[in-house]
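Dropping query28.cif in here (mmCIF, C-alpha atoms and all ligand atoms):
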```cif
data_start
loop_
_atom_site.label_atom_id
_atom_site.label_comp_id
_atom_site.auth_asym_id
_atom_site.auth_seq_id
_atom_site.Cartn_x
_atom_site.Cartn_y
_atom_site.Cartn_z
CA MET A 1 0.00 0.00 0.00
CA SER A 2 1.25 3.45 -0.89
CA ALA A 3 1.21 6.38 1.56
CA PHE A 4 -0.93 8.12 -1.07
CA ASP A 5 -3.66 5.48 -0.62
CA GLN A 6 -4.33 6.76 2.89
CA PRO A 7 -7.46 8.95 2.88
CA ILE A 8 -7.20 12.04 5.08
CA ASP A 9 -10.53 13.53 6.09
CA ARG A 10 -10.64 17.15 4.92
CA ARG A 11 -14.37 17.60 5.58
CA GLY A 12 -14.97 20.38 8.08
CA SER A 13 -11.40 21.66 7.66
CA ASP A 14 -10.29 24.97 6.10
CA SER A 15 -10.22 23.27 2.65
CA GLU A 16 -11.84 25.38 -0.05
CA LYS A 17 -12.28 22.26 -2.15
CA TRP A 18 -14.16 20.26 0.50
CA ARG A 19 -16.12 23.13 2.04
CA ARG A 20 -18.11 23.87 -1.10
CA TYR A 21 -20.19 20.71 -0.65
CA ALA A 22 -20.34 20.63 3.17
CA GLY A 23 -23.25 18.47 4.32
CA ARG A 24 -23.82 16.99 0.83
CA ASP A 25 -22.65 13.68 -0.57
CA VAL A 26 -20.60 15.28 -3.35
CA LEU A 27 -16.97 14.28 -3.93
CA PRO A 28 -15.05 17.47 -4.70
CA LEU A 29 -12.66 17.01 -7.63
CA TRP A 30 -12.44 20.66 -8.61
CA VAL A 31 -9.90 23.13 -7.02
CA ALA A 32 -6.34 22.17 -7.98
CA ASP A 33 -4.87 20.87 -4.76
CA MET A 34 -4.33 17.21 -3.86
CA ASP A 35 -5.82 15.30 -0.93
CA PHE A 36 -2.36 14.04 0.06
CA ALA A 37 -0.22 14.87 3.11
CA ALA A 38 2.85 17.04 2.50
CA PRO A 39 6.22 15.23 2.20
CA PRO A 40 7.77 14.10 5.52
CA ALA A 41 10.77 16.46 5.06
CA VAL A 42 8.39 19.40 4.63
CA MET A 43 6.48 18.39 7.78
CA ALA A 44 9.75 18.18 9.74
CA ALA A 45 10.90 21.61 8.51
CA LEU A 46 7.55 23.15 9.45
CA HIS A 47 7.68 21.58 12.93
CA ARG A 48 11.20 22.94 13.42
CA ARG A 49 10.14 26.39 12.31
CA ILE A 50 7.07 26.37 14.58
CA GLU A 51 9.20 25.28 17.56
CA HIS A 52 11.18 28.49 17.14
CA ARG A 53 7.97 30.25 18.27
CA VAL A 54 8.70 33.70 16.83
CA PHE A 55 6.92 34.61 13.59
CA GLY A 56 8.19 38.05 12.66
CA TYR A 57 8.54 39.40 9.13
CA GLY A 58 10.83 37.17 7.18
CA GLY A 59 12.65 36.79 3.91
CA PRO A 60 14.73 34.19 2.07
CA TRP A 61 18.05 32.99 3.50
CA PRO A 62 21.13 31.63 1.66
CA SER A 63 20.44 27.89 1.96
CA LEU A 64 16.86 28.43 0.73
CA THR A 65 18.05 30.33 -2.34
CA GLU A 66 20.68 27.64 -2.88
CA SER A 67 17.95 24.95 -2.79
CA VAL A 68 16.02 26.77 -5.54
CA LEU A 69 19.13 27.19 -7.71
CA ALA A 70 20.16 23.55 -7.23
CA HIS A 71 16.62 22.29 -7.92
CA LEU A 72 16.28 24.24 -11.18
CA GLU A 73 19.66 23.05 -12.34
CA SER A 74 19.23 19.39 -11.45
CA GLU A 75 15.60 19.04 -12.59
CA TYR A 76 15.62 21.27 -15.68
CA ASP A 77 19.24 21.94 -16.55
CA TRP A 78 18.44 25.58 -15.97
CA ARG A 79 21.16 27.71 -14.41
CA ILE A 80 19.93 30.97 -12.93
CA GLU A 81 21.44 33.66 -10.75
CA ALA A 82 20.14 34.35 -7.26
CA ASP A 83 19.48 38.00 -8.18
CA TRP A 84 16.96 36.98 -10.81
CA ILE A 85 14.52 35.63 -8.18
CA VAL A 86 11.61 37.75 -6.97
CA TRP A 87 9.70 36.03 -4.14
CA LEU A 88 5.91 36.12 -4.32
CA PRO A 89 3.02 34.89 -2.18
CA GLY A 90 1.50 33.15 -5.20
CA LEU A 91 1.50 32.75 -8.94
CA VAL A 92 -1.82 34.48 -9.46
CA THR A 93 -0.19 37.50 -7.85
CA GLY A 94 2.64 37.09 -10.37
CA LEU A 95 0.23 36.97 -13.34
CA ASN A 96 -1.47 40.16 -12.16
CA VAL A 97 1.84 41.91 -11.47
CA ALA A 98 3.11 40.92 -14.93
CA CYS A 99 0.04 42.54 -16.52
CA ARG A 100 0.62 45.71 -14.50
CA ALA A 101 4.31 45.75 -15.42
CA VAL A 102 3.55 46.22 -19.13
CA ASP A 103 1.78 49.12 -20.83
CA GLY A 104 0.26 47.28 -23.78
CA ALA A 105 -2.26 44.52 -24.41
CA VAL A 106 -2.11 40.88 -23.34
CA LEU A 107 -2.43 37.66 -25.33
CA THR A 108 -3.19 34.15 -24.11
CA ALA A 109 -4.23 30.77 -25.52
CA THR A 110 -7.57 29.32 -24.42
CA PRO A 111 -9.01 27.27 -22.79
CA ILE A 112 -7.01 28.50 -19.81
CA TYR A 113 -6.86 28.66 -16.02
CA PRO A 114 -9.37 31.48 -15.21
CA PRO A 115 -6.93 34.02 -13.64
CA PHE A 116 -5.22 34.30 -17.05
CA LEU A 117 -8.51 35.76 -18.29
CA SER A 118 -9.14 38.03 -15.31
CA ALA A 119 -5.62 39.39 -14.64
CA PRO A 120 -5.46 41.64 -17.74
CA HIS A 121 -8.91 43.02 -16.94
CA PHE A 122 -8.01 43.68 -13.26
CA SER A 123 -4.91 45.50 -14.49
CA GLY A 124 -6.74 47.64 -17.06
CA ARG A 125 -5.11 45.83 -19.99
CA LYS A 126 -6.86 44.55 -23.13
CA LEU A 127 -6.87 40.78 -23.60
CA SER A 128 -6.91 38.89 -26.87
CA ARG A 129 -7.32 35.14 -26.97
CA ALA A 130 -6.26 32.52 -29.47
CA GLU A 131 -7.95 29.13 -29.24
CA LEU A 132 -5.70 26.09 -28.89
CA ALA A 133 -6.35 23.47 -31.57
CA CYS A 134 -7.73 20.11 -30.43
CA THR A 135 -6.35 17.74 -33.07
CA GLU A 136 -6.14 13.95 -33.53
CA ASP A 137 -2.65 14.19 -32.03
CA GLY A 138 -3.82 16.19 -29.02
CA TRP A 139 -3.87 19.83 -28.04
CA GLN A 140 -1.60 22.17 -29.97
CA PHE A 141 -0.96 25.86 -30.46
CA ASP A 142 -2.75 27.30 -33.46
CA HIS A 143 -0.12 29.59 -34.90
CA SER A 144 -2.37 31.36 -37.34
CA ALA A 145 -4.85 32.09 -34.53
CA LEU A 146 -1.99 33.38 -32.36
CA LYS A 147 -0.67 35.61 -35.14
CA ALA A 148 -4.17 36.91 -35.90
CA ALA A 149 -4.68 37.80 -32.22
CA ILE A 150 -1.51 39.93 -32.09
CA ASN A 151 -1.67 43.61 -32.99
CA ALA A 152 0.61 46.62 -32.55
CA GLU A 153 -0.54 47.07 -28.94
CA THR A 154 0.24 43.50 -27.84
CA GLU A 155 3.12 43.43 -25.37
CA LEU A 156 2.68 40.38 -23.16
CA PHE A 157 1.97 36.71 -23.82
CA LEU A 158 0.70 34.73 -20.84
CA LEU A 159 1.92 31.18 -21.42
CA CYS A 160 0.76 28.25 -19.31
CA HIS A 161 3.47 25.60 -19.34
CA PRO A 162 2.55 22.82 -18.63
CA HIS A 163 -0.92 23.87 -19.68
CA ASN A 164 -3.85 23.93 -17.28
CA PRO A 165 -6.44 22.65 -18.23
CA VAL A 166 -5.36 20.67 -21.35
CA GLY A 167 -2.43 18.91 -19.64
CA ARG A 168 0.18 19.51 -22.34
CA CYS A 169 3.89 19.55 -21.53
CA TRP A 170 4.99 21.83 -24.40
CA SER A 171 7.93 20.42 -26.36
CA ARG A 172 11.14 22.24 -27.23
CA ASP A 173 9.96 22.75 -30.82
CA GLU A 174 6.63 24.16 -29.71
CA LEU A 175 8.37 26.48 -27.25
CA LEU A 176 10.84 27.60 -29.91
CA GLU A 177 7.89 28.59 -32.09
CA ILE A 178 6.46 30.66 -29.25
CA ALA A 179 9.89 32.23 -28.71
CA ALA A 180 10.11 33.10 -32.43
CA LEU A 181 6.63 34.65 -32.29
CA ALA A 182 7.66 36.67 -29.25
CA GLU A 183 10.86 37.80 -30.95
CA ALA A 184 9.06 38.77 -34.17
CA ASN A 185 6.46 40.82 -32.28
CA ASP A 186 8.65 42.03 -29.43
CA LEU A 187 6.51 40.36 -26.74
CA ILE A 188 7.36 39.64 -23.14
CA VAL A 189 6.50 36.05 -22.26
CA CYS A 190 5.20 35.40 -18.77
CA SER A 191 5.48 31.63 -18.44
CA ASP A 192 3.44 30.12 -15.60
CA GLU A 193 5.32 26.92 -14.79
CA ILE A 194 3.55 26.02 -11.55
CA HIS A 195 2.84 22.47 -12.80
CA CYS A 196 6.42 21.83 -14.02
CA GLY A 197 7.09 19.16 -11.37
CA LEU A 198 4.07 17.14 -12.49
CA ILE A 199 5.19 15.64 -15.82
CA LEU A 200 3.49 12.25 -15.97
CA ASP A 201 4.78 10.87 -19.27
CA ALA A 202 8.11 9.12 -18.71
CA ASP A 203 9.40 10.20 -22.15
CA LYS A 204 8.76 13.91 -21.60
CA ARG A 205 10.56 16.52 -19.56
CA HIS A 206 9.82 20.06 -18.61
CA ILE A 207 11.86 22.70 -20.45
CA PRO A 208 11.61 26.15 -18.86
CA PHE A 209 10.75 28.69 -21.55
CA ALA A 210 13.56 30.95 -20.36
CA SER A 211 16.12 28.14 -20.72
CA LEU A 212 15.62 27.96 -24.52
CA SER A 213 18.13 30.69 -25.39
CA PRO A 214 19.55 33.97 -24.09
CA GLU A 215 17.01 35.81 -26.31
CA ALA A 216 14.08 33.92 -24.78
CA ALA A 217 15.50 34.55 -21.29
CA ARG A 218 15.79 38.27 -21.95
CA ARG A 219 12.06 38.60 -22.64
CA SER A 220 10.84 36.16 -19.98
CA ILE A 221 9.14 36.22 -16.62
CA THR A 222 8.98 32.65 -15.29
CA LEU A 223 6.59 31.92 -12.46
CA MET A 224 7.27 28.85 -10.33
CA ALA A 225 6.49 27.42 -6.91
CA PRO A 226 6.82 24.17 -4.96
CA SER A 227 3.08 24.46 -4.23
CA LYS A 228 1.45 22.13 -6.78
CA THR A 229 4.14 19.45 -6.89
CA PHE A 230 4.55 19.09 -3.14
CA ASN A 231 0.91 19.92 -2.31
CA ILE A 232 1.55 23.00 -0.18
CA PRO A 233 -0.41 25.74 -2.03
CA GLY A 234 -2.04 26.93 1.22
CA LEU A 235 1.42 27.98 2.46
CA GLY A 236 1.60 30.76 -0.15
CA CYS A 237 5.19 30.64 -1.38
CA ALA A 238 6.18 31.23 -5.00
CA PHE A 239 8.71 33.16 -7.05
CA ALA A 240 9.36 34.79 -10.38
CA VAL A 241 12.65 34.36 -12.24
CA ILE A 242 13.39 37.44 -14.36
CA PRO A 243 16.88 37.45 -15.92
CA ASP A 244 16.62 40.90 -17.55
CA THR A 245 17.45 43.62 -15.01
CA GLN A 246 15.18 46.27 -16.50
CA LEU A 247 12.22 43.94 -16.77
CA ARG A 248 12.84 42.75 -13.20
CA HIS A 249 12.77 46.33 -11.97
CA ARG A 250 9.53 47.00 -13.83
CA PHE A 251 8.02 43.91 -12.23
CA ALA A 252 9.26 44.85 -8.74
CA HIS A 253 7.96 48.37 -9.25
CA ALA A 254 4.47 47.05 -10.08
CA MET A 255 4.52 45.03 -6.83
CA ARG A 256 5.17 48.01 -4.58
CA GLY A 257 2.63 48.56 -1.82
CA ILE A 258 0.35 45.67 -2.82
CA VAL A 259 2.35 42.45 -2.59
CA PRO A 260 3.09 41.30 0.97
CA HIS A 261 6.07 39.37 2.32
CA VAL A 262 6.03 35.62 1.70
CA ASN A 263 5.03 33.84 4.90
CA VAL A 264 7.88 32.26 6.79
CA LEU A 265 6.31 28.80 6.94
CA GLY A 266 6.03 28.78 3.15
CA LEU A 267 9.71 29.62 2.82
CA ALA A 268 10.73 26.85 5.25
CA ALA A 269 8.54 24.36 3.38
CA CYS A 270 9.99 25.43 0.02
CA GLU A 271 13.55 24.60 1.03
CA ALA A 272 12.61 21.16 2.38
CA ALA A 273 10.47 20.42 -0.69
CA TYR A 274 13.16 21.26 -3.21
CA ARG A 275 16.12 19.83 -1.29
CA ASP A 276 14.82 16.83 0.62
CA SER A 277 11.65 15.48 -1.00
CA GLY A 278 12.89 13.73 -4.16
CA ASP A 279 11.79 10.21 -3.12
CA TRP A 280 8.33 11.40 -2.16
CA HIS A 281 8.08 13.17 -5.51
CA ARG A 282 9.05 10.08 -7.50
CA GLU A 283 6.42 8.01 -5.71
CA LEU A 284 3.82 10.74 -6.27
CA ILE A 285 4.41 10.77 -10.02
CA GLY A 286 3.96 6.98 -10.21
CA TYR A 287 0.74 7.23 -8.23
CA LEU A 288 -0.66 10.07 -10.33
CA ARG A 289 0.26 8.24 -13.51
CA ALA A 290 -1.86 5.26 -12.46
CA ASN A 291 -4.72 7.62 -11.49
CA ARG A 292 -4.42 9.33 -14.86
CA ASP A 293 -4.61 5.97 -16.67
CA LEU A 294 -7.73 5.02 -14.72
CA VAL A 295 -9.43 8.34 -15.53
CA THR A 296 -8.52 8.14 -19.22
CA ALA A 297 -9.79 4.57 -19.58
CA THR A 298 -13.05 5.35 -17.78
CA VAL A 299 -13.79 8.60 -19.58
CA ASN A 300 -12.94 7.32 -23.04
CA GLY A 301 -14.96 4.16 -22.31
CA GLU A 302 -18.19 6.16 -21.86
CA LYS A 303 -20.39 7.31 -24.72
CA GLY A 304 -20.68 11.04 -25.34
CA VAL A 305 -17.55 12.08 -23.42
CA LYS A 306 -13.86 12.13 -24.33
CA MET A 307 -10.48 13.44 -23.31
CA LYS A 308 -6.98 13.69 -24.76
CA SER A 309 -3.98 12.26 -22.95
CA VAL A 310 -2.81 14.16 -19.89
CA GLU A 311 0.97 14.54 -20.21
CA ALA A 312 1.32 16.72 -17.12
CA THR A 313 -0.72 18.03 -14.13
CA TYR A 314 -3.30 16.02 -12.16
CA LEU A 315 -6.15 17.52 -14.16
CA ALA A 316 -8.27 15.83 -16.84
CA TRP A 317 -9.99 18.08 -19.37
CA ILE A 318 -13.15 16.36 -20.50
CA ASP A 319 -15.36 17.16 -23.49
CA VAL A 320 -18.96 16.46 -22.48
CA ARG A 321 -20.64 18.44 -25.26
CA GLU A 322 -22.16 15.38 -26.91
CA LEU A 323 -24.15 14.65 -23.76
CA GLY A 324 -26.21 17.72 -24.68
CA LEU A 325 -26.50 19.02 -21.10
CA ALA A 326 -27.59 22.61 -20.53
CA LYS A 327 -25.54 22.81 -17.31
CA PRO A 328 -22.96 20.02 -17.26
CA ALA A 329 -21.33 20.89 -13.91
CA THR A 330 -24.74 20.98 -12.20
CA HIS A 331 -25.69 17.62 -13.73
CA PHE A 332 -22.53 15.94 -12.41
CA GLU A 333 -23.01 17.57 -8.98
CA ALA A 334 -26.50 16.10 -8.86
CA HIS A 335 -24.79 12.71 -9.29
CA GLY A 336 -22.38 13.35 -6.42
CA LEU A 337 -19.37 14.72 -8.28
CA GLY A 338 -18.03 18.28 -8.01
CA LEU A 339 -16.02 19.20 -11.13
CA SER A 340 -14.74 22.54 -12.48
CA ASP A 341 -17.00 24.11 -15.08
CA GLY A 342 -15.24 24.61 -18.42
CA ALA A 343 -17.13 27.87 -18.96
CA ASP A 344 -14.80 29.49 -16.39
CA PHE A 345 -11.86 28.48 -18.60
CA GLY A 346 -13.49 29.94 -21.70
CA ALA A 347 -14.90 26.57 -22.86
CA PRO A 348 -18.55 25.80 -22.03
CA GLY A 349 -19.40 22.12 -22.47
CA TRP A 350 -16.13 20.95 -20.92
CA LEU A 351 -15.37 19.83 -17.37
CA ARG A 352 -12.11 19.55 -15.45
CA LEU A 353 -11.55 16.62 -13.11
CA ASN A 354 -8.81 16.70 -10.46
CA PHE A 355 -7.38 13.21 -9.91
CA GLY A 356 -4.93 14.19 -7.15
CA CYS A 357 -6.62 11.98 -4.56
CA PRO A 358 -6.37 8.47 -3.07
CA ARG A 359 -7.32 5.68 -5.47
CA SER A 360 -10.36 4.73 -3.38
CA THR A 361 -11.77 8.27 -3.69
CA LEU A 362 -11.06 8.29 -7.41
CA GLU A 363 -12.71 4.91 -7.97
CA GLU A 364 -15.87 6.09 -6.24
CA ALA A 365 -15.75 9.37 -8.19
CA LEU A 366 -15.40 7.51 -11.49
CA LYS A 367 -18.39 5.28 -10.66
CA ARG A 368 -20.41 8.45 -10.13
CA PHE A 369 -18.98 9.88 -13.35
CA SER A 370 -20.18 6.89 -15.37
CA THR A 371 -23.62 6.95 -13.74
CA ALA A 372 -23.93 10.68 -14.54
CA CYS A 373 -22.94 10.10 -18.18
CA ARG A 374 -25.48 7.33 -18.62
CA ALA A 375 -28.22 9.43 -16.98
CA ALA A 376 -27.68 12.39 -19.32
C1 LIG B 401 -1.58 27.47 -14.04
C2 LIG B 401 -1.83 27.89 -12.62
N1 LIG B 401 -1.28 29.03 -12.17
C3 LIG B 401 -1.46 29.45 -10.90
C4 LIG B 401 -2.23 28.72 -10.00
C5 LIG B 401 -2.44 29.21 -8.61
O1 LIG B 401 -1.28 29.72 -8.09
P1 LIG B 401 -1.19 30.39 -6.67
O2 LIG B 401 -2.05 29.57 -5.75
O3 LIG B 401 0.25 30.31 -6.34
O4 LIG B 401 -1.68 31.78 -6.81
C6 LIG B 401 -2.82 27.52 -10.43
C7 LIG B 401 -3.66 26.76 -9.52
O5 LIG B 401 -4.47 25.96 -9.90
C8 LIG B 401 -2.60 27.11 -11.77
O6 LIG B 401 -3.12 25.96 -12.22
#
```

Render the structure in this file as structure tokens.
Amino acid sequence: MSAFDQPIDRRGSDSEKWRRYAGRDVLPLWVADMDFAAPPAVMAALHRRIEHRVFGYGGPWPSLTESVLAHLESEYDWRIEADWIVWLPGLVTGLNVACRAVDGAVLTATPIYPPFLSAPHFSGRKLSRAELACTEDGWQFDHSALKAAINAETELFLLCHPHNPVGRCWSRDELLEIAALAEANDLIVCSDEIHCGLILDADKRHIPFASLSPEAARRSITLMAPSKTFNIPGLGCAFAVIPDTQLRHRFAHAMRGIVPHVNVLGLAACEAAYRDSGDWHRELIGYLRANRDLVTATVNGEKGVKMKSVEATYLAWIDVRELGLAKPATHFEAHGLGLSDGADFGAPGWLRLNFGCPRSTLEEALKRFSTACRAA
């Protein structure tokens, strides 16, 4: 039995995911956190930090920075300088700050994690969208749609890499095409790489956009965090990597007065996650892979619903349009399953299922999924 098989009761806790359906028999497979305990090394680091008993304002320390540098180099072959790091309480903050740091309009590829759609608006920037193409071979960028969505005002491309919700781990060639597009149109690329530690396909690896070339690095803002991979998003610790000094100053300037310090528990957890949680991470990926296979087989075995392969993330993006439901998310809730509504991602008729949970929870959820499909 794996440690990940152990259900932990989150009902009645502070969990956003579980609280939505309090008092109802609905399994929540929506918000993107996992129902797993944090790695043992993270727990030990948090206990040590709590034992200190003083929780004043804090900031990063040398061995923490070193753990980030070492992690990026060993996992992604990406060598960065400590000065390029800007600590943040979260990636959504980073997306919003990136929009405020530019003067022009913003471009993104849909369907997409909802804050990509709201951040430009909150920052008073225009947003243009280019649909991703759903092909026989899976989800891909549609380069003519991207080019058509760019105009003289466009200054920032919000890239989701790996992509939430379609689960793509963009390849080097695909990233090089994005880099060429950025170069040709003088765009800054803000690459949200929060899911980079969750590559499920054994033959794929995450390539940070900024690691492609010095030119790509110069126009990049990379957003990362240990939060998704090590299941500590509630600890609010993330960072941007911005190699270009001027761009980094613009970003830091846009943060002034509105972005708080990163909490000290998040910082302690980050170091332990990156430095001491490799074994836990390897076991997690194996577990998620098996969950992914179960979800794919079940979904693609039902009539009227389908999904492409999930290369990365613990999120399945499911096309339920053929079921002909007026309100798909409500229909599945009525059958005891709480999924994310695709409409929020710019794609009505789709649902997102989070499979970051113990196998027993997933099996029950998939039974409910099949019942809901057949009842449509
Ligand atoms: C692509 C992406 N970016 C950002 C976030 C959230 O980041 P944070 O909680 O650090 O603001 C999520 C969470 O689901 C996500 O999927």

| Which protein, DNA or RNA residues have an atom within 10 Å of ligand LIG 401 (chain B), counting only C-alpha atoms and all ligand atoms, as a ChimeraX atom specification? | /A:30-33,88-96,112-116,159-165,191-196,223-228,232-239,313-315

Please save C-alpha atoms of the selected residues as a compact mmCIF listing (two decimals), in the frame of the given file.
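Final file, out_23.txt:
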```
# COMPACT_ATOMS: atom_id res chain seq x y z
CA TRP A 30 -12.44 20.66 -8.61
CA VAL A 31 -9.90 23.13 -7.02
CA ALA A 32 -6.34 22.17 -7.98
CA ASP A 33 -4.87 20.87 -4.76
CA LEU A 88 5.91 36.12 -4.32
CA PRO A 89 3.02 34.89 -2.18
CA GLY A 90 1.50 33.15 -5.20
CA LEU A 91 1.50 32.75 -8.94
CA VAL A 92 -1.82 34.48 -9.46
CA THR A 93 -0.19 37.50 -7.85
CA GLY A 94 2.64 37.09 -10.37
CA LEU A 95 0.23 36.97 -13.34
CA ASN A 96 -1.47 40.16 -12.16
CA ILE A 112 -7.01 28.50 -19.81
CA TYR A 113 -6.86 28.66 -16.02
CA PRO A 114 -9.37 31.48 -15.21
CA PRO A 115 -6.93 34.02 -13.64
CA PHE A 116 -5.22 34.30 -17.05
CA LEU A 159 1.92 31.18 -21.42
CA CYS A 160 0.76 28.25 -19.31
CA HIS A 161 3.47 25.60 -19.34
CA PRO A 162 2.55 22.82 -18.63
CA HIS A 163 -0.92 23.87 -19.68
CA ASN A 164 -3.85 23.93 -17.28
CA PRO A 165 -6.44 22.65 -18.23
CA SER A 191 5.48 31.63 -18.44
CA ASP A 192 3.44 30.12 -15.60
CA GLU A 193 5.32 26.92 -14.79
CA ILE A 194 3.55 26.02 -11.55
CA HIS A 195 2.84 22.47 -12.80
CA CYS A 196 6.42 21.83 -14.02
CA LEU A 223 6.59 31.92 -12.46
CA MET A 224 7.27 28.85 -10.33
CA ALA A 225 6.49 27.42 -6.91
CA PRO A 226 6.82 24.17 -4.96
CA SER A 227 3.08 24.46 -4.23
CA LYS A 228 1.45 22.13 -6.78
CA ILE A 232 1.55 23.00 -0.18
CA PRO A 233 -0.41 25.74 -2.03
CA GLY A 234 -2.04 26.93 1.22
CA LEU A 235 1.42 27.98 2.46
CA GLY A 236 1.60 30.76 -0.15
CA CYS A 237 5.19 30.64 -1.38
CA ALA A 238 6.18 31.23 -5.00
CA PHE A 239 8.71 33.16 -7.05
CA THR A 313 -0.72 18.03 -14.13
CA TYR A 314 -3.30 16.02 -12.16
CA LEU A 315 -6.15 17.52 -14.16
```

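When atom CA of A:His331 is paired with atom CA of A:Asp14, their separation reads 26.2 Å.
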
| said: Could you list, as a ChimeraX atom specification, every residue within 6 Å of stretch 240-251 of chain A, counting all atoms listed in the file and ignoring same-chain residues fewer than 3 positions away? | reply: /A:84-86,101,218,221-223,254

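Distances to A:Ala376 were evaluated for A:Ser74, A:Thr330, A:Gln6, A:Thr65 using all atoms listed in the file, and the minimum falls at A:Thr330.
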
| task | Find the residue from A:Ala347, A:Leu158, A:Ala334, A:Leu294 that sits nearest to A:Thr371; use all atoms listed in the file when measuring. | result | A:Ala334

| request: Find the distance between atom CA of A:Ile285 and atom CA of A:Val26 and write it in Å to one decimal. | output: 26.3 Å

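Between atom CA of A:Glu177 and atom CA of A:Ser144 lies a distance of 11.9 Å.
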
Do a neighbour search on stretch 205-213 of chain A at 7 Å with only C-alpha atoms, toss out local chain neighbours closer than 6 positions, and write the hits as a compact mmCIF listing (two decimals) with C-alpha atoms, in the coordinates of the input.
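Output saved as result-v4.txt:
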```txt
# COMPACT_ATOMS: atom_id res chain seq x y z
CA TYR A 76 15.62 21.27 -15.68
CA TRP A 78 18.44 25.58 -15.97
CA CYS A 169 3.89 19.55 -21.53
CA ARG A 172 11.14 22.24 -27.23
CA LEU A 175 8.37 26.48 -27.25
CA SER A 191 5.48 31.63 -18.44
CA CYS A 196 6.42 21.83 -14.02
CA ILE A 199 5.19 15.64 -15.82
CA SER A 220 10.84 36.16 -19.98
```

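Comparing A:Arg79, A:Arg100, A:Arg10, A:Arg125 by their smallest distance to A:Pro214, the closest is A:Arg79 (using all atoms listed in the file).
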
Using all atoms of stretch 144-149 of chain A listed in the file and a margin of 8 Å per side, can you give the axis-aligned box centre and edge lengths in Å to one decimal, as AutoDock Vina command-line options?
```
--center_x -2.8 --center_y 34.6 --center_z -34.8 --size_x 20.2 --size_y 22.4 --size_z 21.1
```

| said: With only C-alpha atoms as the counted atoms, please give the residues lying no more than 9 Å from A:Arg292, apart from itself and same-chain residues fewer than 5 positions off, as a PyMOL selection string. | reply: chain A and resi 200+287+297+309-310+314-316+355

| request: For A:Ala184, list every protein, DNA or RNA residue within 12 Å, evaluated using all atoms listed in the file, and leave out those in the same chain fewer than 4 positions away; present the list as number ranges by chain. | output: A: 147, 150-152, 154-155, 177-180, 188, 215-216, 219

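Residues surrounding A:Lys308 within 12 Å are Ala133, Cys134, Thr135, Glu136, Asp137, Gly138, Trp139, Gln140, Pro165, Val166, Gly167, Arg168, Arg292, Asp293, Val295, Thr296, Ala297, Val299, Asn300, Val305, Glu311, Ala312, Leu315, Ala316, Trp317, Ile318 and Asp319 of chain A [all atoms listed in the file; sequence separation below 3 positions excluded].
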
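You can rank A:Tyr21, A:Phe36, A:Trp61, A:Trp170 by their closest distance to A:Pro7 using only C-alpha atoms, and at the top of that list sits A:Phe36.
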